[in-house]
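Novice: Structure file work.tsv (TSV, N, CA and C atoms) is given on the next line.
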```tsv
chain	number	residue	atom	x	y	z
T	30	MET	N	100.52	18.46	35.75
T	30	MET	CA	99.13	18.56	36.14
T	30	MET	C	98.52	19.88	35.66
T	31	ARG	N	99.28	20.97	35.76
T	31	ARG	CA	98.77	22.27	35.31
T	31	ARG	C	98.46	22.25	33.82
T	32	ILE	N	99.28	21.58	33.04
T	32	ILE	CA	99.05	21.50	31.60
T	32	ILE	C	97.73	20.77	31.32
T	33	VAL	N	97.50	19.66	32.01
T	33	VAL	CA	96.26	18.91	31.82
T	33	VAL	C	95.06	19.78	32.19
T	34	LEU	N	95.12	20.48	33.29
T	34	LEU	CA	94.02	21.34	33.71
T	34	LEU	C	93.80	22.48	32.71
T	35	ALA	N	94.87	23.05	32.19
T	35	ALA	CA	94.75	24.12	31.20
T	35	ALA	C	94.08	23.61	29.93
T	36	ILE	N	94.45	22.41	29.48
T	36	ILE	CA	93.84	21.83	28.29
T	36	ILE	C	92.36	21.56	28.52
T	37	LEU	N	92.01	21.01	29.66
T	37	LEU	CA	90.61	20.75	29.98
T	37	LEU	C	89.81	22.04	30.04
T	38	TRP	N	90.38	23.08	30.64
T	38	TRP	CA	89.69	24.35	30.73
T	38	TRP	C	89.47	24.96	29.35
T	39	MET	N	90.49	24.91	28.49
T	39	MET	CA	90.39	25.46	27.14
T	39	MET	C	89.37	24.69	26.31
T	40	SER	N	89.35	23.38	26.42
T	40	SER	CA	88.42	22.59	25.61
T	40	SER	C	86.98	22.80	26.06
T	41	SER	N	86.75	23.09	27.33
T	41	SER	CA	85.38	23.32	27.79
T	41	SER	C	84.87	24.68	27.32
T	42	ALA	N	85.74	25.59	26.96
T	42	ALA	CA	85.33	26.91	26.50
T	42	ALA	C	85.04	26.94	25.01
T	43	LEU	N	85.37	25.89	24.29
T	43	LEU	CA	85.13	25.86	22.85
T	43	LEU	C	83.64	25.72	22.57
T	44	PRO	N	83.14	26.45	21.57
T	44	PRO	CA	81.72	26.31	21.23
T	44	PRO	C	81.47	24.94	20.60
T	45	ALA	N	80.24	24.47	20.75
T	45	ALA	CA	79.87	23.19	20.15
T	45	ALA	C	79.91	23.33	18.64
T	46	ALA	N	80.33	22.28	17.99
T	46	ALA	CA	80.47	22.30	16.54
T	46	ALA	C	79.12	22.17	15.84
T	47	ALA	N	79.06	22.69	14.63
T	47	ALA	CA	77.86	22.52	13.81
T	47	ALA	C	77.67	21.04	13.51
T	48	ALA	N	76.43	20.65	13.28
T	48	ALA	CA	76.11	19.24	13.12
T	48	ALA	C	75.31	19.00	11.85
T	49	ASP	N	75.24	17.74	11.49
T	49	ASP	CA	74.39	17.32	10.37
T	49	ASP	C	73.10	16.75	10.96
T	50	LEU	N	71.99	17.24	10.46
T	50	LEU	CA	70.68	16.83	10.97
T	50	LEU	C	69.98	16.01	9.89
T	51	THR	N	69.58	14.80	10.24
T	51	THR	CA	68.82	13.94	9.33
T	51	THR	C	67.35	14.12	9.64
T	52	VAL	N	66.57	14.46	8.61
T	52	VAL	CA	65.13	14.67	8.77
T	52	VAL	C	64.42	13.56	8.02
T	53	ARG	N	63.67	12.74	8.76
T	53	ARG	CA	62.88	11.63	8.19
T	53	ARG	C	61.43	12.06	8.15
T	54	ILE	N	60.86	11.99	6.95
T	54	ILE	CA	59.49	12.46	6.77
T	54	ILE	C	58.61	11.28	6.37
T	55	GLY	N	57.57	11.06	7.17
T	55	GLY	CA	56.62	9.99	6.92
T	55	GLY	C	55.34	10.50	6.30
T	56	ASN	N	54.45	9.57	5.98
T	56	ASN	CA	53.12	9.86	5.45
T	56	ASN	C	53.17	10.57	4.09
T	57	LEU	N	54.18	10.26	3.27
T	57	LEU	CA	54.25	10.85	1.93
T	57	LEU	C	53.22	10.16	1.04
T	58	ARG	N	52.43	10.93	0.29
T	58	ARG	CA	51.40	10.31	-0.54
T	58	ARG	C	51.94	9.80	-1.87
T	59	SER	N	53.17	10.18	-2.21
T	59	SER	CA	53.79	9.66	-3.42
T	59	SER	C	55.30	9.79	-3.32
T	60	ALA	N	56.00	9.15	-4.24
T	60	ALA	CA	57.46	9.25	-4.30
T	60	ALA	C	57.88	10.26	-5.36
T	61	GLU	N	56.93	10.99	-5.89
T	61	GLU	CA	57.19	11.97	-6.93
T	61	GLU	C	57.82	13.24	-6.37
T	62	GLY	N	58.66	13.88	-7.17
T	62	GLY	CA	59.21	15.18	-6.82
T	62	GLY	C	60.30	15.14	-5.77
T	63	GLN	N	60.35	16.19	-4.98
T	63	GLN	CA	61.43	16.35	-4.01
T	63	GLN	C	60.90	16.85	-2.68
T	64	LEU	N	61.71	16.65	-1.65
T	64	LEU	CA	61.42	17.18	-0.32
T	64	LEU	C	62.33	18.37	-0.09
T	65	LEU	N	61.75	19.48	0.33
T	65	LEU	CA	62.50	20.69	0.65
T	65	LEU	C	62.36	20.91	2.15
T	66	VAL	N	63.48	21.01	2.84
T	66	VAL	CA	63.48	21.14	4.30
T	66	VAL	C	64.24	22.39	4.70
T	67	ALA	N	63.69	23.12	5.67
T	67	ALA	CA	64.36	24.30	6.22
T	67	ALA	C	64.37	24.20	7.74
T	68	VAL	N	65.54	24.43	8.33
T	68	VAL	CA	65.71	24.45	9.78
T	68	VAL	C	65.84	25.92	10.16
T	69	CYS	N	64.84	26.43	10.91
T	69	CYS	CA	64.69	27.87	11.08
T	69	CYS	C	64.75	28.33	12.52
T	70	GLU	N	65.37	29.48	12.71
T	70	GLU	CA	65.27	30.18	13.97
T	70	GLU	C	63.90	30.87	14.00
T	71	GLU	N	63.50	31.33	15.16
T	71	GLU	CA	62.14	31.87	15.32
T	71	GLU	C	61.82	32.99	14.34
T	72	ALA	N	62.74	33.90	14.11
T	72	ALA	CA	62.48	35.06	13.25
T	72	ALA	C	62.19	34.67	11.79
T	73	GLN	N	62.71	33.53	11.35
T	73	GLN	CA	62.52	33.11	9.96
T	73	GLN	C	61.48	32.00	9.79
T	74	PHE	N	60.97	31.49	10.88
T	74	PHE	CA	60.04	30.37	10.81
T	74	PHE	C	58.81	30.73	9.97
T	75	THR	N	58.46	29.86	9.03
T	75	THR	CA	57.36	29.98	8.06
T	75	THR	C	57.57	31.14	7.07
T	76	LYS	N	58.78	31.65	6.99
T	76	LYS	CA	59.10	32.71	6.04
T	76	LYS	C	60.25	32.22	5.16
T	77	PRO	N	60.44	32.83	4.02
T	77	PRO	CA	61.62	32.49	3.22
T	77	PRO	C	62.90	32.96	3.93
T	78	GLY	N	63.99	32.31	3.66
T	78	GLY	CA	65.26	32.79	4.17
T	78	GLY	C	65.83	32.06	5.36
T	79	CYS	N	65.34	30.87	5.67
T	79	CYS	CA	65.96	30.09	6.75
T	79	CYS	C	67.40	29.78	6.36
T	80	ALA	N	68.29	29.87	7.31
T	80	ALA	CA	69.72	29.73	7.03
T	80	ALA	C	70.15	28.31	6.70
T	81	TYR	N	69.42	27.31	7.16
T	81	TYR	CA	69.86	25.92	7.02
T	81	TYR	C	68.80	25.14	6.25
T	82	THR	N	69.18	24.68	5.06
T	82	THR	CA	68.22	23.99	4.20
T	82	THR	C	68.84	22.74	3.59
T	83	GLY	N	67.96	21.88	3.11
T	83	GLY	CA	68.39	20.70	2.39
T	83	GLY	C	67.26	20.21	1.50
T	84	GLN	N	67.60	19.39	0.54
T	84	GLN	CA	66.58	18.81	-0.32
T	84	GLN	C	67.05	17.44	-0.78
T	85	ALA	N	66.08	16.61	-1.13
T	85	ALA	CA	66.37	15.26	-1.61
T	85	ALA	C	65.15	14.75	-2.36
T	86	ALA	N	65.36	13.70	-3.12
T	86	ALA	CA	64.24	13.06	-3.81
T	86	ALA	C	63.23	12.57	-2.79
T	87	ALA	N	61.96	12.76	-3.10
T	87	ALA	CA	60.90	12.34	-2.18
T	87	ALA	C	60.88	10.83	-1.99
T	88	SER	N	61.38	10.10	-2.96
T	88	SER	CA	61.32	8.63	-2.90
T	88	SER	C	62.02	8.06	-1.68
T	89	GLY	N	63.01	8.76	-1.15
T	89	GLY	CA	63.73	8.27	0.02
T	89	GLY	C	63.11	8.68	1.34
T	90	GLY	N	62.37	9.78	1.35
T	90	GLY	CA	61.75	10.26	2.58
T	90	GLY	C	62.73	10.80	3.61
T	91	VAL	N	63.98	11.05	3.19
T	91	VAL	CA	65.01	11.52	4.12
T	91	VAL	C	65.78	12.68	3.49
T	92	VAL	N	66.00	13.73	4.29
T	92	VAL	CA	66.78	14.88	3.86
T	92	VAL	C	67.83	15.16	4.93
T	93	THR	N	69.05	15.43	4.50
T	93	THR	CA	70.12	15.82	5.44
T	93	THR	C	70.36	17.31	5.31
T	94	VAL	N	70.34	17.99	6.45
T	94	VAL	CA	70.66	19.42	6.49
T	94	VAL	C	72.01	19.52	7.19
T	95	ARG	N	72.98	20.08	6.51
T	95	ARG	CA	74.35	20.10	6.99
T	95	ARG	C	74.70	21.39	7.75
T	96	ASP	N	75.65	21.24	8.67
T	96	ASP	CA	76.27	22.37	9.37
T	96	ASP	C	75.29	23.24	10.16
T	97	VAL	N	74.42	22.61	10.92
T	97	VAL	CA	73.47	23.34	11.77
T	97	VAL	C	74.13	23.55	13.14
T	98	PRO	N	74.36	24.80	13.54
T	98	PRO	CA	74.95	25.05	14.86
T	98	PRO	C	73.96	24.71	15.97
T	99	PRO	N	74.45	24.44	17.16
T	99	PRO	CA	73.54	24.18	18.28
T	99	PRO	C	72.60	25.35	18.51
T	100	GLY	N	71.37	25.03	18.88
T	100	GLY	CA	70.39	26.09	19.14
T	100	GLY	C	68.98	25.56	19.13
T	101	THR	N	68.04	26.47	19.25
T	101	THR	CA	66.62	26.13	19.21
T	101	THR	C	66.08	26.48	17.83
T	102	TYR	N	65.49	25.50	17.18
T	102	TYR	CA	64.99	25.65	15.82
T	102	TYR	C	63.63	24.98	15.68
T	103	ALA	N	62.92	25.34	14.61
T	103	ALA	CA	61.75	24.60	14.16
T	103	ALA	C	62.03	24.20	12.72
T	104	ILE	N	61.57	23.02	12.36
T	104	ILE	CA	61.83	22.50	11.02
T	104	ILE	C	60.54	22.52	10.23
T	105	GLN	N	60.62	22.97	8.99
T	105	GLN	CA	59.47	22.95	8.09
T	105	GLN	C	59.87	22.22	6.82
T	106	ALA	N	58.91	21.51	6.24
T	106	ALA	CA	59.19	20.72	5.04
T	106	ALA	C	58.04	20.85	4.05
T	107	ILE	N	58.39	20.77	2.78
T	107	ILE	CA	57.42	20.78	1.68
T	107	ILE	C	57.66	19.54	0.84
T	108	HIS	N	56.59	18.88	0.44
T	108	HIS	CA	56.68	17.81	-0.55
T	108	HIS	C	56.35	18.46	-1.89
T	109	ASP	N	57.40	18.88	-2.59
T	109	ASP	CA	57.29	19.56	-3.88
T	109	ASP	C	57.09	18.50	-4.96
T	110	GLU	N	55.88	18.03	-5.11
T	110	GLU	CA	55.60	16.89	-6.00
T	110	GLU	C	55.88	17.19	-7.47
T	111	ASN	N	55.69	18.43	-7.91
T	111	ASN	CA	55.93	18.73	-9.32
T	111	ASN	C	57.32	19.28	-9.58
T	112	GLY	N	58.14	19.41	-8.53
T	112	GLY	CA	59.54	19.79	-8.71
T	112	GLY	C	59.78	21.22	-9.14
T	113	ASN	N	58.83	22.13	-8.88
T	113	ASN	CA	59.04	23.52	-9.31
T	113	ASN	C	59.71	24.39	-8.25
T	114	GLY	N	60.08	23.80	-7.11
T	114	GLY	CA	60.83	24.52	-6.09
T	114	GLY	C	60.01	25.39	-5.16
T	115	THR	N	58.69	25.25	-5.20
T	115	THR	CA	57.84	26.08	-4.35
T	115	THR	C	56.61	25.30	-3.90
T	116	LEU	N	55.94	25.79	-2.88
T	116	LEU	CA	54.71	25.18	-2.40
T	116	LEU	C	53.56	25.75	-3.21
T	117	ASP	N	52.94	24.90	-4.02
T	117	ASP	CA	51.81	25.35	-4.83
T	117	ASP	C	50.58	25.45	-3.94
T	118	ARG	N	49.78	26.50	-4.20
T	118	ARG	CA	48.57	26.76	-3.40
T	118	ARG	C	47.39	27.04	-4.33
T	119	ARG	N	46.21	26.78	-3.80
T	119	ARG	CA	44.99	27.16	-4.51
T	119	ARG	C	44.46	28.41	-3.82
T	120	LEU	N	44.11	29.40	-4.63
T	120	LEU	CA	43.57	30.66	-4.12
T	120	LEU	C	44.49	31.33	-3.10
T	121	MET	N	45.80	31.18	-3.28
T	121	MET	CA	46.82	31.81	-2.44
T	121	MET	C	46.80	31.35	-0.99
T	122	PHE	N	46.05	30.30	-0.68
T	122	PHE	CA	45.98	29.89	0.72
T	122	PHE	C	46.16	28.39	0.89
T	123	LEU	N	45.25	27.60	0.41
T	123	LEU	CA	45.23	26.17	0.66
T	123	LEU	C	46.35	25.46	-0.11
T	124	PRO	N	47.27	24.80	0.60
T	124	PRO	CA	48.38	24.11	-0.09
T	124	PRO	C	47.87	22.94	-0.94
T	125	LEU	N	48.40	22.85	-2.15
T	125	LEU	CA	48.09	21.73	-3.03
T	125	LEU	C	49.09	20.59	-2.85
T	126	GLU	N	50.21	20.90	-2.21
T	126	GLU	CA	51.26	19.92	-1.96
T	126	GLU	C	51.40	19.75	-0.45
T	127	GLY	N	52.16	18.74	-0.05
T	127	GLY	CA	52.30	18.44	1.37
T	127	GLY	C	53.18	19.43	2.12
T	128	ILE	N	52.83	19.66	3.39
T	128	ILE	CA	53.65	20.45	4.28
T	128	ILE	C	53.73	19.73	5.62
T	129	GLY	N	54.82	19.94	6.33
T	129	GLY	CA	54.98	19.32	7.64
T	129	GLY	C	55.92	20.14	8.50
T	130	PHE	N	55.78	19.94	9.81
T	130	PHE	CA	56.58	20.69	10.78
T	130	PHE	C	57.10	19.76	11.86
T	131	SER	N	58.26	20.08	12.40
T	131	SER	CA	58.83	19.29	13.48
T	131	SER	C	57.83	19.18	14.63
T	132	ARG	N	57.97	18.06	15.35
T	132	ARG	CA	57.10	17.73	16.47
T	132	ARG	C	55.65	17.56	16.03
T	133	ASN	N	55.44	17.39	14.69
T	133	ASN	CA	54.09	17.30	14.14
T	133	ASN	C	53.21	18.41	14.70
T	134	ALA	N	53.79	19.61	14.74
T	134	ALA	CA	53.10	20.77	15.31
T	134	ALA	C	51.75	20.96	14.62
T	135	PRO	N	50.70	21.20	15.39
T	135	PRO	CA	49.37	21.32	14.81
T	135	PRO	C	49.21	22.60	13.99
T	136	MET	N	48.48	22.46	12.89
T	136	MET	CA	48.17	23.60	12.03
T	136	MET	C	46.69	23.91	12.22
T	137	ARG	N	46.41	25.02	12.82
T	137	ARG	CA	45.03	25.45	13.05
T	137	ARG	C	44.81	26.78	12.33
T	138	ARG	N	44.11	26.72	11.23
T	138	ARG	CA	43.83	27.93	10.45
T	138	ARG	C	45.11	28.67	10.07
T	139	GLY	N	46.13	27.92	9.76
T	139	GLY	CA	47.40	28.52	9.36
T	139	GLY	C	48.56	27.72	9.91
T	140	PRO	N	49.75	28.22	9.72
T	140	PRO	CA	50.93	27.49	10.19
T	140	PRO	C	50.98	27.42	11.71
T	141	PRO	N	51.74	26.47	12.24
T	141	PRO	CA	51.85	26.36	13.69
T	141	PRO	C	52.68	27.49	14.29
T	142	ARG	N	52.57	27.62	15.58
T	142	ARG	CA	53.41	28.57	16.31
T	142	ARG	C	54.82	27.97	16.42
T	143	PHE	N	55.81	28.83	16.46
T	143	PHE	CA	57.20	28.38	16.60
T	143	PHE	C	57.34	27.49	17.83
T	144	ALA	N	56.75	27.90	18.94
T	144	ALA	CA	56.89	27.15	20.19
T	144	ALA	C	56.37	25.72	20.06
T	145	ASP	N	55.37	25.51	19.22
T	145	ASP	CA	54.82	24.16	19.05
T	145	ASP	C	55.73	23.25	18.23
T	146	ALA	N	56.57	23.84	17.40
T	146	ALA	CA	57.46	23.06	16.53
T	146	ALA	C	58.91	23.08	17.00
T	147	ALA	N	59.23	23.92	17.97
T	147	ALA	CA	60.63	24.13	18.37
T	147	ALA	C	61.25	22.91	19.02
T	148	LEU	N	62.52	22.72	18.74
T	148	LEU	CA	63.31	21.68	19.38
T	148	LEU	C	64.75	22.13	19.50
T	149	GLU	N	65.44	21.52	20.42
T	149	GLU	CA	66.83	21.87	20.70
T	149	GLU	C	67.74	20.97	19.87
T	150	ILE	N	68.64	21.57	19.11
T	150	ILE	CA	69.62	20.83	18.31
T	150	ILE	C	70.97	21.02	18.99
T	151	GLN	N	71.62	19.93	19.36
T	151	GLN	CA	72.91	20.01	20.07
T	151	GLN	C	74.04	19.28	19.36
T	152	GLY	N	73.75	18.57	18.30
T	152	GLY	CA	74.76	17.81	17.58
T	152	GLY	C	74.09	16.97	16.53
T	153	ASP	N	74.86	16.09	15.88
T	153	ASP	CA	74.27	15.22	14.87
T	153	ASP	C	73.05	14.53	15.45
T	154	GLY	N	72.00	14.45	14.68
T	154	GLY	CA	70.79	13.82	15.19
T	154	GLY	C	69.80	13.51	14.09
T	155	VAL	N	68.70	12.90	14.49
T	155	VAL	CA	67.62	12.52	13.59
T	155	VAL	C	66.33	13.09	14.14
T	156	VAL	N	65.56	13.72	13.28
T	156	VAL	CA	64.24	14.23	13.63
T	156	VAL	C	63.24	13.63	12.66
T	157	SER	N	62.12	13.13	13.17
T	157	SER	CA	61.08	12.53	12.33
T	157	SER	C	59.76	13.23	12.56
T	158	PHE	N	59.03	13.43	11.47
T	158	PHE	CA	57.66	13.95	11.55
T	158	PHE	C	56.94	13.59	10.25
T	159	ASP	N	55.63	13.83	10.23
T	159	ASP	CA	54.80	13.44	9.10
T	159	ASP	C	54.44	14.62	8.22
T	160	MET	N	54.20	14.31	6.95
T	160	MET	CA	53.71	15.29	5.99
T	160	MET	C	52.19	15.33	6.10
T	161	ALA	N	51.59	16.50	5.90
T	161	ALA	CA	50.14	16.67	5.89
T	161	ALA	C	49.72	17.18	4.52
T	162	TYR	N	48.58	16.72	4.08
T	162	TYR	CA	48.03	17.13	2.77
T	162	TYR	C	46.62	17.65	2.99
T	163	PHE	N	46.26	18.69	2.27
T	163	PHE	CA	44.94	19.30	2.41
T	163	PHE	C	44.11	19.18	1.14
T	164	GLN	N	44.64	18.57	0.12
T	164	GLN	CA	43.94	18.37	-1.15
T	164	GLN	C	44.01	16.91	-1.52
```
As structure tokens - that is how I would like this structure written.
Specialist:
Amino acid sequence: MRIVLAILWMSSALPAAAADLTVRIGNLRSAEGQLLVAVCEEAQFTKPGCAYTGQAAASGGVVTVRDVPPGTYAIQAIHDENGNGTLDRRLMFLPLEGIGFSRNAPMRRGPPRFADAALEIQGDGVVSFDMAYFQ
């Protein structure tokens, strides 16, 4: 009995394993180019350098981000229609390509707040949201 209790106690102390997150993006205006997805902690949200990223052809509308540890994150996505690896903008502000955020967080005169896009990741899962276009 002591061995069983010791094993149960040890297994409960183990940290949760990193997970694979499937991101489904709707409202794509074309199947051209690629989808770039970043799963970000608050300090990196809407900035370059998010630790967990993935990309896939836009034609599928699905991107898998691998090895995301449990935690609170916000997800951001770009529909890179011309495949140049960046979000093209007009006059350094207005996006020419699609952008989207988890929980379909509202964009009011700029990117959403982290709190509006934040969600808890605890294991393998699926998150869905829509792409927005301003041109």
Novice: Would you compute the distance between atom CA of T:Asn111 and atom C of T:Ala72? Give it in Å to one decimal.
Specialist: 27.2 Å
Novice: Give me the residues near T:Glu110 as a PDB file with N, CA and C atoms, in the coordinates of the input, where near means some atom within 8 Å (using all atoms listed in the file) and where sequence neighbours in that chain fewer than 5 positions away do not count.
Specialist:
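Okay, this is what ended up in result18.pdb:
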```pdb
ATOM      1  N   SER T  59      53.170  10.180  -2.210  1.00  0.00           N
ATOM      2  CA  SER T  59      53.790   9.660  -3.420  1.00  0.00           C
ATOM      3  C   SER T  59      55.300   9.790  -3.320  1.00  0.00           C
ATOM      4  N   ALA T  60      56.000   9.150  -4.240  1.00  0.00           N
ATOM      5  CA  ALA T  60      57.460   9.250  -4.300  1.00  0.00           C
ATOM      6  C   ALA T  60      57.880  10.260  -5.360  1.00  0.00           C
ATOM      7  N   GLU T  61      56.930  10.990  -5.890  1.00  0.00           N
ATOM      8  CA  GLU T  61      57.190  11.970  -6.930  1.00  0.00           C
ATOM      9  C   GLU T  61      57.820  13.240  -6.370  1.00  0.00           C
ATOM     10  N   GLY T  62      58.660  13.880  -7.170  1.00  0.00           N
ATOM     11  CA  GLY T  62      59.210  15.180  -6.820  1.00  0.00           C
ATOM     12  C   GLY T  62      60.300  15.140  -5.770  1.00  0.00           C
ATOM     13  N   GLN T  63      60.350  16.190  -4.980  1.00  0.00           N
ATOM     14  CA  GLN T  63      61.430  16.350  -4.010  1.00  0.00           C
ATOM     15  C   GLN T  63      60.900  16.850  -2.680  1.00  0.00           C
ATOM     16  N   LEU T  64      61.710  16.650  -1.650  1.00  0.00           N
ATOM     17  CA  LEU T  64      61.420  17.180  -0.320  1.00  0.00           C
ATOM     18  C   LEU T  64      62.330  18.370  -0.090  1.00  0.00           C
ATOM     19  N   ALA T  87      61.960  12.760  -3.100  1.00  0.00           N
ATOM     20  CA  ALA T  87      60.900  12.340  -2.180  1.00  0.00           C
ATOM     21  C   ALA T  87      60.880  10.830  -1.990  1.00  0.00           C
ATOM     22  N   THR T 115      58.690  25.250  -5.200  1.00  0.00           N
ATOM     23  CA  THR T 115      57.840  26.080  -4.350  1.00  0.00           C
ATOM     24  C   THR T 115      56.610  25.300  -3.900  1.00  0.00           C
ATOM     25  N   LEU T 116      55.940  25.790  -2.880  1.00  0.00           N
ATOM     26  CA  LEU T 116      54.710  25.180  -2.400  1.00  0.00           C
ATOM     27  C   LEU T 116      53.560  25.750  -3.210  1.00  0.00           C
ATOM     28  N   ASP T 117      52.940  24.900  -4.020  1.00  0.00           N
ATOM     29  CA  ASP T 117      51.810  25.350  -4.830  1.00  0.00           C
ATOM     30  C   ASP T 117      50.580  25.450  -3.940  1.00  0.00           C
ATOM     31  N   LEU T 125      48.400  22.850  -2.150  1.00  0.00           N
ATOM     32  CA  LEU T 125      48.090  21.730  -3.030  1.00  0.00           C
ATOM     33  C   LEU T 125      49.090  20.590  -2.850  1.00  0.00           C
ATOM     34  N   GLU T 126      50.210  20.900  -2.210  1.00  0.00           N
ATOM     35  CA  GLU T 126      51.260  19.920  -1.960  1.00  0.00           C
ATOM     36  C   GLU T 126      51.400  19.750  -0.450  1.00  0.00           C
ATOM     37  N   GLY T 127      52.160  18.740  -0.050  1.00  0.00           N
ATOM     38  CA  GLY T 127      52.300  18.440   1.370  1.00  0.00           C
ATOM     39  C   GLY T 127      53.180  19.430   2.120  1.00  0.00           C
TER      40      GLY T 127
END
```
Novice: Which residue, T:Arg58, T:Arg138, T:Arg118, T:Arg132, has the smallest gap to T:Ile104 when you use all atoms listed in the file?
Specialist: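 Ranked by minimum distance to T:Ile104, first place goes to T:Arg132.
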Novice: Would you give me, as a list in words, the residues in stretch 89-144 of chain T that DSSP reads as strand (DSSP E or B)?
Specialist: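 Filtering stretch 89-144 of chain T to strand (DSSP E or B) leaves Val91, Val92, Thr93, Val94, Arg95, Asp96, Val97, Gly100, Thr101, Tyr102, Ala103, Ile104, Gln105, Ala106, Ile107, His108, Asp109, Arg118, Arg119, Leu123, Pro124, Gly127, Ile128, Gly129 and Phe130 of chain T.
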Novice: Write out as a ChimeraX atom specification all residues of chain T that backbone DSSP assigns to alpha helix (DSSP H).
Specialist: /T:31-41,143-146
Novice: Take the residues from that selection and write them out as a PDB file, keeping the file's coordinate frame, keeping N, CA and C atoms.
Specialist:
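Result file follows (selection30.pdb):
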```
ATOM      1  N   ARG T  31      99.280  20.970  35.760  1.00  0.00           N
ATOM      2  CA  ARG T  31      98.770  22.270  35.310  1.00  0.00           C
ATOM      3  C   ARG T  31      98.460  22.250  33.820  1.00  0.00           C
ATOM      4  N   ILE T  32      99.280  21.580  33.040  1.00  0.00           N
ATOM      5  CA  ILE T  32      99.050  21.500  31.600  1.00  0.00           C
ATOM      6  C   ILE T  32      97.730  20.770  31.320  1.00  0.00           C
ATOM      7  N   VAL T  33      97.500  19.660  32.010  1.00  0.00           N
ATOM      8  CA  VAL T  33      96.260  18.910  31.820  1.00  0.00           C
ATOM      9  C   VAL T  33      95.060  19.780  32.190  1.00  0.00           C
ATOM     10  N   LEU T  34      95.120  20.480  33.290  1.00  0.00           N
ATOM     11  CA  LEU T  34      94.020  21.340  33.710  1.00  0.00           C
ATOM     12  C   LEU T  34      93.800  22.480  32.710  1.00  0.00           C
ATOM     13  N   ALA T  35      94.870  23.050  32.190  1.00  0.00           N
ATOM     14  CA  ALA T  35      94.750  24.120  31.200  1.00  0.00           C
ATOM     15  C   ALA T  35      94.080  23.610  29.930  1.00  0.00           C
ATOM     16  N   ILE T  36      94.450  22.410  29.480  1.00  0.00           N
ATOM     17  CA  ILE T  36      93.840  21.830  28.290  1.00  0.00           C
ATOM     18  C   ILE T  36      92.360  21.560  28.520  1.00  0.00           C
ATOM     19  N   LEU T  37      92.010  21.010  29.660  1.00  0.00           N
ATOM     20  CA  LEU T  37      90.610  20.750  29.980  1.00  0.00           C
ATOM     21  C   LEU T  37      89.810  22.040  30.040  1.00  0.00           C
ATOM     22  N   TRP T  38      90.380  23.080  30.640  1.00  0.00           N
ATOM     23  CA  TRP T  38      89.690  24.350  30.730  1.00  0.00           C
ATOM     24  C   TRP T  38      89.470  24.960  29.350  1.00  0.00           C
ATOM     25  N   MET T  39      90.490  24.910  28.490  1.00  0.00           N
ATOM     26  CA  MET T  39      90.390  25.460  27.140  1.00  0.00           C
ATOM     27  C   MET T  39      89.370  24.690  26.310  1.00  0.00           C
ATOM     28  N   SER T  40      89.350  23.380  26.420  1.00  0.00           N
ATOM     29  CA  SER T  40      88.420  22.590  25.610  1.00  0.00           C
ATOM     30  C   SER T  40      86.980  22.800  26.060  1.00  0.00           C
ATOM     31  N   SER T  41      86.750  23.090  27.330  1.00  0.00           N
ATOM     32  CA  SER T  41      85.380  23.320  27.790  1.00  0.00           C
ATOM     33  C   SER T  41      84.870  24.680  27.320  1.00  0.00           C
ATOM     34  N   PHE T 143      55.810  28.830  16.460  1.00  0.00           N
ATOM     35  CA  PHE T 143      57.200  28.380  16.600  1.00  0.00           C
ATOM     36  C   PHE T 143      57.340  27.490  17.830  1.00  0.00           C
ATOM     37  N   ALA T 144      56.750  27.900  18.940  1.00  0.00           N
ATOM     38  CA  ALA T 144      56.890  27.150  20.190  1.00  0.00           C
ATOM     39  C   ALA T 144      56.370  25.720  20.060  1.00  0.00           C
ATOM     40  N   ASP T 145      55.370  25.510  19.220  1.00  0.00           N
ATOM     41  CA  ASP T 145      54.820  24.160  19.050  1.00  0.00           C
ATOM     42  C   ASP T 145      55.730  23.250  18.230  1.00  0.00           C
ATOM     43  N   ALA T 146      56.570  23.840  17.400  1.00  0.00           N
ATOM     44  CA  ALA T 146      57.460  23.060  16.530  1.00  0.00           C
ATOM     45  C   ALA T 146      58.910  23.080  17.000  1.00  0.00           C
TER      46      ALA T 146
END
```
Novice: Compare T:Val94, T:Thr51, T:Ala67, T:Ala103 by their minimum atom-to-atom distance to T:Asp145, counting all atoms listed in the file, and give me the closest one.
Specialist: T:Ala103
Novice: So, with only N, CA and C atoms as the atoms that count, which of T:Asn113, T:Ser131, T:Thr75, T:Thr93 lies closest to T:Asp49?
Specialist: T:Thr93
Novice: What's the separation between atom N of T:Arg95 and atom N of T:Asp153, in Å to one decimal place?
Specialist: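 Distance reported for this atom pair: 10.4 Å.
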Novice: Please, what distance in Å, to one decimal, runs between atom CA of T:Pro124 and atom CA of T:Leu65?
Specialist: 14.5 Å
Novice: Can you tell me which residues surround T:Leu148 at a distance of at most 6.5 Å, considering all atoms listed in the file, apart from same-chain residues fewer than 2 positions away, and format the answer as a list in words?
Specialist: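 Listing them by chain and then by number gives Gly100, Thr101, Tyr102, Ala103, Ile104, Ala146 and Ile150 of chain T.
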Novice: Hey, what's within 7 Å of T:Gly90 if we count all atoms listed in the file and toss same-chain stuff fewer than 5 positions away? As a count of residues only, please?
Specialist: 5
Novice: Could you list, as a list of chain:residue names, every residue within 8 Å of T:Phe130, counting all atoms listed in the file and ignoring same-chain residues fewer than 4 positions away?
Specialist: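 Counting only the stated atoms, we get T:Ala103, T:Ile104, T:Gln105, T:Ala106, T:Ile107, T:Ala134, T:Pro135, T:Pro141, T:Asp145, T:Ala146, T:Ala147, T:Ser157, T:Phe158, T:Asp159, T:Met160, T:Ala161.
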Novice: Counting all atoms listed in the file, which of T:Gly154, T:Gly129, T:Pro98, T:Arg119 gets nearest to T:Ala46?
Specialist: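 Ranked by minimum distance to T:Ala46, first place goes to T:Pro98.
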Novice: Take the point (63.0, 26.9, 4.3) as written in the file and pick out every residue within 6.5 Å of it, counting only N, CA and C atoms; give the list as a list in words.
Specialist: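 The distance filter leaves exactly Leu65, Val66, Ala67, Val68, Lys76, Pro77, Gly78, Cys79, Tyr81, Thr82 and Gln105 of chain T.
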